[in-house]
Each structure stands twice: as C-alpha cells, then as structure tokens.
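Structure record follows, encoded as structure tokens.
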Amino acid sequence: MKIAIASGKGGTGKTTLATNLAAYLSDKRDIILADLDVEEPNSGLFIRAGKIFEEIKYKMIPGWVEEDCTFCGICQNVCNFNAILNLGNQILVYPELCHSCYACSELCPKGALPMKHQRMGVLSHYRNGNINFVESHLDIGQEQSVPLIEQTLKYIDSICRKDSIVILDSPPGTSCPVIEATKDADMVILVTEPTPFGLHDLKLAVETMMTIGKDFVVVVNRYGTGNADVEEYCRGNNIRIIASIPDSRQVAELYSRGELAYDKIDDFRRSLDRIKEAIPGN
Amino acid sequence: MKIAFTATGPKWSSRIDPRFGRTEYLLIYDTDSEELVVHDNRDIENEAHGAGPKTAKLIYDTGAEVIITGNGPGENAALALEKAGVRIYTGADRMKVKEALEAFNNKQLKEFKK
C-alpha cells in the first residue's frame with residue numbers, strides 16, 4: 001500500500017502529516033516513510049532512528065571522446081533537451097540539461113559519446129522498530145531531482161514487504177518531481193489549508209492528478225482559519241475530504257521543536273483516526 | 001563581420017529583446033554587404049529547458065562574431081558562446097536595433113564576461 005502525500009502549495013503540512021501518520025500507523029504495521037522532497041528533505045527531523053544503509057546515487061550522462069568524433073551532428077539533432085551542442089570543432093555536453101535518455105550515445109555512429117556516471121546525491125535508510133525511514137539528498141549544484149526520486153522509489157520497492165505501508169512525503173508544486181513521486185501511489189492525499197492560496201494551489205494539484213489519471217482525496221490542515229471556499233470547491237467537484245485537522249498552536253510548537261504531535265494532541269490524533277479509516281484495508 | 005541582435009521584432013526600428021535565450025527574433029547584420037537577415041526565434045517558447053544553448057547555437061550557425069543583447073546570457077549559453085568565440089555586448093535593452101548598433105560602434109556597450 002503506497003500513500004503519496006502531496007500538495008500544490010508548500011507549507012500546508014505534508015511533512016507534519018507524513019511523519020505523524022507513519023509513527024501512528026507503526027504500532028501495528030511495518031512502515032516505510034520516504035522523504036522524496038530530495039532538494040530539501042526534512043522528515044528526518046522528526047524521526048529518531050539509526051542509519052542502517054547509505055548509498056551514493058548516480059545518473060548517466062554522455063562524455064565526449066574527441067578522438068572518435070567526426071562532428072556529424074547527429075547527437076545534437078536527436079537530443080530533445082538541448083543538452084548537446086555541435087560547435088564544429090567541439091561537442092558541448094550540458095549535464096544539467098541531460099535527461100539520460102541515451103539517444104546521442106546509442107545513435108552516435110562512432111561511439112564517441114559513451115555514457116558515464118555522474119554523482120547526484122545520497123540515499124540513506126534508517127530504522128527504528130516498525131519504522132523504516134528512507135531519504136535522499138540531492139547534491140548542491142544538481143538541478144534535476146526526478147532521477148534521484150526515481151532511484152529512491154526503486155530502492156523502496158526493493159525493501160517493501162507485501163503488508164508494508166509506504167508513505168511518500170512528496171515535493172511541493174505540480175511539476176515533474178511531484179508526478180514522479182505520485183505516479184505509482186495507490187492513494188494520493190492532497191494536503192491543503194482553507195485559505196485563498198491553499199485553494200488556488202489545490203486546484204492546480206487537482207488538475208495535475210486528473211491529467212495523470214490518479215485518484216486522490218483531500219486533507220484540510222489548519223481547519224478553522226481562513227474561509228469555507230476549499231470545502232465548497234471540494235463539495236462542488238465531488239472531491240472527498242477525508243479529514244480536517246483543526247488549527248492548533250500546540251501542533252506548530254511541537255513541529256518547531258522537531259517533535260511529533262499524534263501522541264500528544266487529542267484533536268490531531270482523531271484526525272489521523274479518520275485518515276486511517278480512509279486507507280483501503282485498514 | 002556579422003553582428004547579431006536579440007530583438008522583439010524584425011526591423012531596424014524594433015526594440016532589443018532584453019532576454020537572450022528566449023529572444024523573439026535574432027537579427028544578423030553583415031557589415032560588409034550591409035544586409036540585415038531576420039531569424040524568427042519565436043518557436044523557442046516551446047522549449048521547456050535549454051533555450052540559452054539553442055539560441056547560442058543558432059548564432060554560431062549564422063557565423064556572427066558579436067551578439068548585442070540586453071541582460072546577457074545565462075551560464076549555459078555563455079559557455080557555448082565563449083567556446084564558439086562569439087563576443088557578447090549587453091545593456092542595449094532600452095534601445096532600438098539601429099540605436100544599439102550605433103552604441104556598439106561608439107563603444108558605449110559593455111562587453112560581457114563570465
């Protein structure tokens with residue numbers, strides 16, 4: 001069972017929900033919590049667990065071999081990402097634009113663009129009782145998070161048991177990283193807040209999920225602030241709100257100290273009860 | 001010598017486009033033949049990434065030795081232009097193409113260095 005926790009807007013409570021839900025469900029089930037916001041993962045601040053595995057992750061990019069090149073220009077023409085320029089007497093490769101599709105490398109008649117490893121980040125796996133926590137950090141200077149998210153998901157599949165619940169703390173926004181993080185999920189929870197910004201970005205996230213054909217439900221966080229527009233929008237579009245987490249200063253204070261709230265704040269725990277009920281098979 | 005301009009239109013009276021990679025037009029002026037050749041670059045809108053290198057490559061293909069623009073290229077495009085030996089002059093963004101050429105001839109534009 002894979003649950004992706006996403007949102008259009010940043011700061012709506014993805015990490016709060018992901019970490020608390022993971023800890024809350026771990027009393028009975030094997031849990032894998034993964035922070036897929038590889039540009040700035042922060043779920044780890046809330047999870048006390050020991051590191052059991054670490055691995056450097058690489059992506060593949062072409063490296064130009066000058067001696068073998070005839071400057072025919074096929075590499076440049078087959079690249080969909082403007083990652084290769086043929087300047088007549090040299091070939092420029094832009095690793096940050098390269099999507100590792102291998103087209104230039106495979107179609108070069110002289111084999112002058114062999115693919116080579118380029119380091120992009122580090123994956124770490126921590127464990128404490130029933131909780132497995134996996135996070136990846138993109139290296140400073142790396143611009144593409146999708147390949148690292150993809151490899152992190154692959155790693156999760158390799159450690160996932162049949163009865164495990166996987167909780168994916170997704171990156172914010174509605175672009176490629178979010179799509180990569182949610183595309184294989186069995187359930188997508190969009191976290192929003194009842195404010196004009198929350199509604200605006202929820203609509204974008206809903207549009208994204210509809211476009212990739214993914215079912216989703218909504219959790220409204222900081223319920224009681226703002227206005228009723230998010231609820232009205234969801235009602236009007238037949239979108240299911242599985243829980244509304246009441247606005248709470250105490251939850252925010254706990255968060256600011258890197259502490260979980262589910263075992264300390266009753267209202268918060270009751271919201272998790274409702275979310276649990278909405279998870280198929282629970 | 002050929003001089004390239006990033007421009008918002010196809011004429012001498014068009015304004016310089018302050019953007020490099022996503023410039024709408026590239027105008028190439030040949031100082032020997034005094035001809036102005038227009039490249040419509042508006043398809044660049046469809047490129048999600050790599051607009052800078054793509055426009056840099058177009059300039060390289062025209063044989064221009066100088067590019068006159070507004071804000072200047074980003075890192076990727078600057079690398080390609082440097083390797084291709086194209087000199088970059090910036091700060092022409094409030095001028096018309098004609099005025100930008102005069103400013104270049106009067107050495108009033110700043111040469112861009114990475």
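To be explicit about the labels: the chains of the structure tokens are called A, B, and onward in the order shown, and within each one the residues are counted from 1, while ligands get numbers from 1 in the order they are shown.
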10 Å contacts from chain A to chain B using only C-alpha atoms, as a ChimeraX atom specification: /A:80-94,96-98
For region 152-168 of chain A, find every residue with an atom within 8 Å (counting only C-alpha atoms), except residues of its own chain fewer than 5 positions away, and show them as a tab-separated table (two decimals) with all heavy atoms, in the first residue's frame.
```
chain	number	residue	atom	x	y	z
A	1	MET	N	0.84	-1.20	0.00
A	1	MET	CA	0.00	0.00	0.00
A	1	MET	C	0.88	1.26	0.00
A	1	MET	O	1.61	1.49	0.95
A	1	MET	CB	-0.88	-0.02	1.26
A	1	MET	CG	-1.85	1.13	1.35
A	1	MET	SD	-3.14	0.95	0.13
A	1	MET	CE	-3.66	2.62	-0.09
A	2	LYS	N	0.81	1.98	-1.09
A	2	LYS	CA	1.65	3.19	-1.20
A	2	LYS	C	0.77	4.44	-1.12
A	2	LYS	O	-0.12	4.62	-1.94
A	2	LYS	CB	2.34	3.19	-2.56
A	2	LYS	CG	3.82	2.91	-2.47
A	2	LYS	CD	4.45	3.06	-3.84
A	2	LYS	CE	5.51	2.00	-4.03
A	2	LYS	NZ	5.91	1.83	-5.39
A	3	ILE	N	1.06	5.29	-0.16
A	3	ILE	CA	0.29	6.52	0.02
A	3	ILE	C	1.21	7.72	-0.23
A	3	ILE	O	2.21	7.88	0.47
A	3	ILE	CB	-0.28	6.62	1.45
A	3	ILE	CG1	-1.09	5.36	1.79
A	3	ILE	CG2	-1.12	7.88	1.61
A	3	ILE	CD1	-1.39	5.22	3.27
A	4	ALA	N	0.88	8.50	-1.26
A	4	ALA	CA	1.68	9.71	-1.51
A	4	ALA	C	0.99	10.90	-0.87
A	4	ALA	O	-0.22	11.08	-1.03
A	4	ALA	CB	1.85	9.93	-3.00
A	5	ILE	N	1.75	11.68	-0.14
A	5	ILE	CA	1.20	12.88	0.49
A	5	ILE	C	1.78	14.08	-0.26
A	5	ILE	O	2.98	14.31	-0.25
A	5	ILE	CB	1.54	12.90	1.99
A	5	ILE	CG1	0.86	11.67	2.61
A	5	ILE	CG2	1.06	14.21	2.63
A	5	ILE	CD1	1.01	11.53	4.08
A	18	ALA	N	2.81	13.34	7.06
A	18	ALA	CA	3.54	12.12	6.68
A	18	ALA	C	4.24	11.51	7.89
A	18	ALA	O	4.14	10.29	8.13
A	18	ALA	CB	4.56	12.44	5.58
A	22	ALA	N	2.98	8.12	9.80
A	22	ALA	CA	3.91	6.98	9.81
A	22	ALA	C	4.07	6.44	11.22
A	22	ALA	O	3.95	5.23	11.47
A	22	ALA	CB	5.26	7.41	9.24
A	29	ARG	N	1.81	-1.90	12.11
A	29	ARG	CA	2.23	-2.28	10.76
A	29	ARG	C	3.68	-1.91	10.50
A	29	ARG	O	4.24	-1.02	11.13
A	29	ARG	CB	1.34	-1.55	9.72
A	29	ARG	CG	-0.14	-1.90	9.80
A	29	ARG	CD	-0.44	-3.23	9.12
A	29	ARG	NE	-0.24	-3.16	7.69
A	29	ARG	CZ	-1.20	-2.87	6.81
A	29	ARG	NH1	-2.42	-2.61	7.22
A	29	ARG	NH2	-0.94	-2.86	5.52
A	30	ASP	N	4.28	-2.60	9.53
A	30	ASP	CA	5.59	-2.24	9.05
A	30	ASP	C	5.44	-1.02	8.14
A	30	ASP	O	4.66	-1.04	7.19
A	30	ASP	CB	6.19	-3.43	8.26
A	30	ASP	CG	7.60	-3.15	7.81
A	30	ASP	OD1	8.46	-2.96	8.69
A	30	ASP	OD2	7.85	-3.12	6.59
A	31	ILE	N	6.18	0.03	8.46
A	31	ILE	CA	6.01	1.30	7.75
A	31	ILE	C	7.31	1.68	7.04
A	31	ILE	O	8.40	1.56	7.61
A	31	ILE	CB	5.67	2.45	8.74
A	31	ILE	CG1	4.38	2.16	9.49
A	31	ILE	CG2	5.61	3.80	8.01
A	31	ILE	CD1	3.14	2.24	8.65
A	32	ILE	N	7.16	2.14	5.81
A	32	ILE	CA	8.31	2.78	5.15
A	32	ILE	C	7.90	4.23	4.89
A	32	ILE	O	6.98	4.49	4.11
A	32	ILE	CB	8.67	2.09	3.82
A	32	ILE	CG1	9.02	0.62	4.07
A	32	ILE	CG2	9.83	2.82	3.15
A	32	ILE	CD1	9.12	-0.21	2.79
A	33	LEU	N	8.56	5.13	5.57
A	33	LEU	CA	8.34	6.55	5.33
A	33	LEU	C	9.48	7.05	4.46
A	33	LEU	O	10.65	6.81	4.76
A	33	LEU	CB	8.33	7.32	6.66
A	33	LEU	CG	8.36	8.86	6.56
A	33	LEU	CD1	7.09	9.40	5.94
A	33	LEU	CD2	8.58	9.48	7.95
A	34	ALA	N	9.14	7.69	3.33
A	34	ALA	CA	10.20	8.17	2.44
A	34	ALA	C	10.03	9.66	2.21
A	34	ALA	O	8.93	10.13	1.92
A	34	ALA	CB	10.15	7.43	1.11
A	35	ASP	N	11.11	10.39	2.35
A	35	ASP	CA	11.08	11.82	2.03
A	35	ASP	C	11.58	11.98	0.60
A	35	ASP	O	12.77	11.82	0.31
A	35	ASP	CB	11.95	12.62	3.00
A	35	ASP	CG	11.62	14.09	2.94
A	35	ASP	OD1	11.10	14.53	1.89
A	35	ASP	OD2	11.87	14.81	3.93
A	36	LEU	N	10.65	12.28	-0.31
A	36	LEU	CA	11.00	12.42	-1.72
A	36	LEU	C	11.25	13.87	-2.12
A	36	LEU	O	11.47	14.18	-3.28
A	36	LEU	CB	9.90	11.82	-2.60
A	36	LEU	CG	9.66	10.33	-2.42
A	36	LEU	CD1	8.56	9.84	-3.35
A	36	LEU	CD2	10.94	9.53	-2.67
A	123	LEU	N	21.45	8.45	-0.86
A	123	LEU	CA	20.25	7.84	-0.26
A	123	LEU	C	20.63	7.26	1.10
A	123	LEU	O	21.69	6.64	1.25
A	123	LEU	CB	19.72	6.75	-1.18
A	123	LEU	CG	18.51	5.93	-0.71
A	123	LEU	CD1	17.68	5.50	-1.93
A	123	LEU	CD2	18.88	4.69	0.12
A	134	VAL	N	13.42	6.37	4.76
A	134	VAL	CA	14.34	6.49	3.63
A	134	VAL	C	14.33	7.92	3.14
A	134	VAL	O	13.26	8.51	2.93
A	134	VAL	CB	13.91	5.55	2.47
A	134	VAL	CG1	14.84	5.71	1.27
A	134	VAL	CG2	13.90	4.10	2.93
A	135	GLU	N	15.51	8.50	2.98
A	135	GLU	CA	15.56	9.86	2.41
A	135	GLU	C	16.73	9.97	1.46
A	135	GLU	O	17.73	9.29	1.61
A	135	GLU	CB	15.67	10.92	3.51
A	135	GLU	CG	16.98	10.88	4.26
A	135	GLU	CD	17.22	12.10	5.15
A	135	GLU	OE1	16.33	12.95	5.27
A	135	GLU	OE2	18.32	12.18	5.71
A	136	SER	N	16.56	10.82	0.47
A	136	SER	CA	17.67	11.11	-0.44
A	136	SER	C	17.93	12.60	-0.45
A	136	SER	O	17.00	13.40	-0.41
A	136	SER	CB	17.35	10.63	-1.86
A	136	SER	OG	17.38	9.22	-1.90
A	181	ALA	N	6.83	11.39	-7.98
A	181	ALA	CA	6.61	10.92	-6.61
A	181	ALA	C	5.23	10.30	-6.42
A	181	ALA	O	5.02	9.49	-5.52
A	181	ALA	CB	6.81	12.08	-5.63
```
| said: Using only C-alpha atoms, can you tell me which of A:Thr19, A:Arg235, A:Val188, A:Leu45 comes closest to Ile212 (chain A)? | reply: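 Checking each of A:Thr19, A:Arg235, A:Val188, A:Leu45 against Ile212 (chain A), counting only C-alpha atoms, the winner is A:Val188.
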Next on the checklist: So, with only C-alpha atoms as the atoms that count, which of B:Pro73, B:Ala4, B:Asp43, B:Phe112 lies closest to Ile16 (chain B)?
Outcome noted: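 Ranking B:Pro73, B:Ala4, B:Asp43, B:Phe112 by distance to Ile16 (chain B), first place goes to B:Ala4.
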Tell me which protein, DNA and RNA residues are within 8 Å of Ala6 (chain A), counting only C-alpha atoms, leaving out same-chain ones fewer than 5 positions away, and put them as number ranges by chain.
A: 14, 169-172, 178, 182, 188-191
Export of prior selection with C-alpha atoms as a PDB file, in the first residue's frame:
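The result, stored in part38.pdb:
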```
ATOM      1  CA  LYS A  14       2.784  17.420   4.109  1.00  0.00           C
ATOM      2  CA  ASP A 169       6.335  12.692   1.580  1.00  0.00           C
ATOM      3  CA  SER A 170       6.282  14.328  -1.852  1.00  0.00           C
ATOM      4  CA  PRO A 171       7.833  17.569  -3.045  1.00  0.00           C
ATOM      5  CA  PRO A 172       5.503  20.588  -3.302  1.00  0.00           C
ATOM      6  CA  VAL A 178       5.567  15.620  -7.941  1.00  0.00           C
ATOM      7  CA  THR A 182       2.884  10.216  -7.019  1.00  0.00           C
ATOM      8  CA  VAL A 188      -2.775  10.288  -3.114  1.00  0.00           C
ATOM      9  CA  ILE A 189      -3.596  12.621  -0.256  1.00  0.00           C
ATOM     10  CA  LEU A 190      -3.521  16.304  -1.191  1.00  0.00           C
ATOM     11  CA  VAL A 191      -2.934  18.435   1.898  1.00  0.00           C
TER      12      VAL A 191
END
```
Can you pull out the residues contacting Asn41 (chain B)? Cut-off 7 Å, using only C-alpha atoms, and skip same-chain residues under 3 positions away; I want them as a PyMOL selection string. chain B and resi 23-26+44
Run DSSP on the backbone and tell me which residues of chain B come out as strand (DSSP E); list them as a ChimeraX atom specification. /B:2-7,25-30,35-40,66-68,87-90,110-111
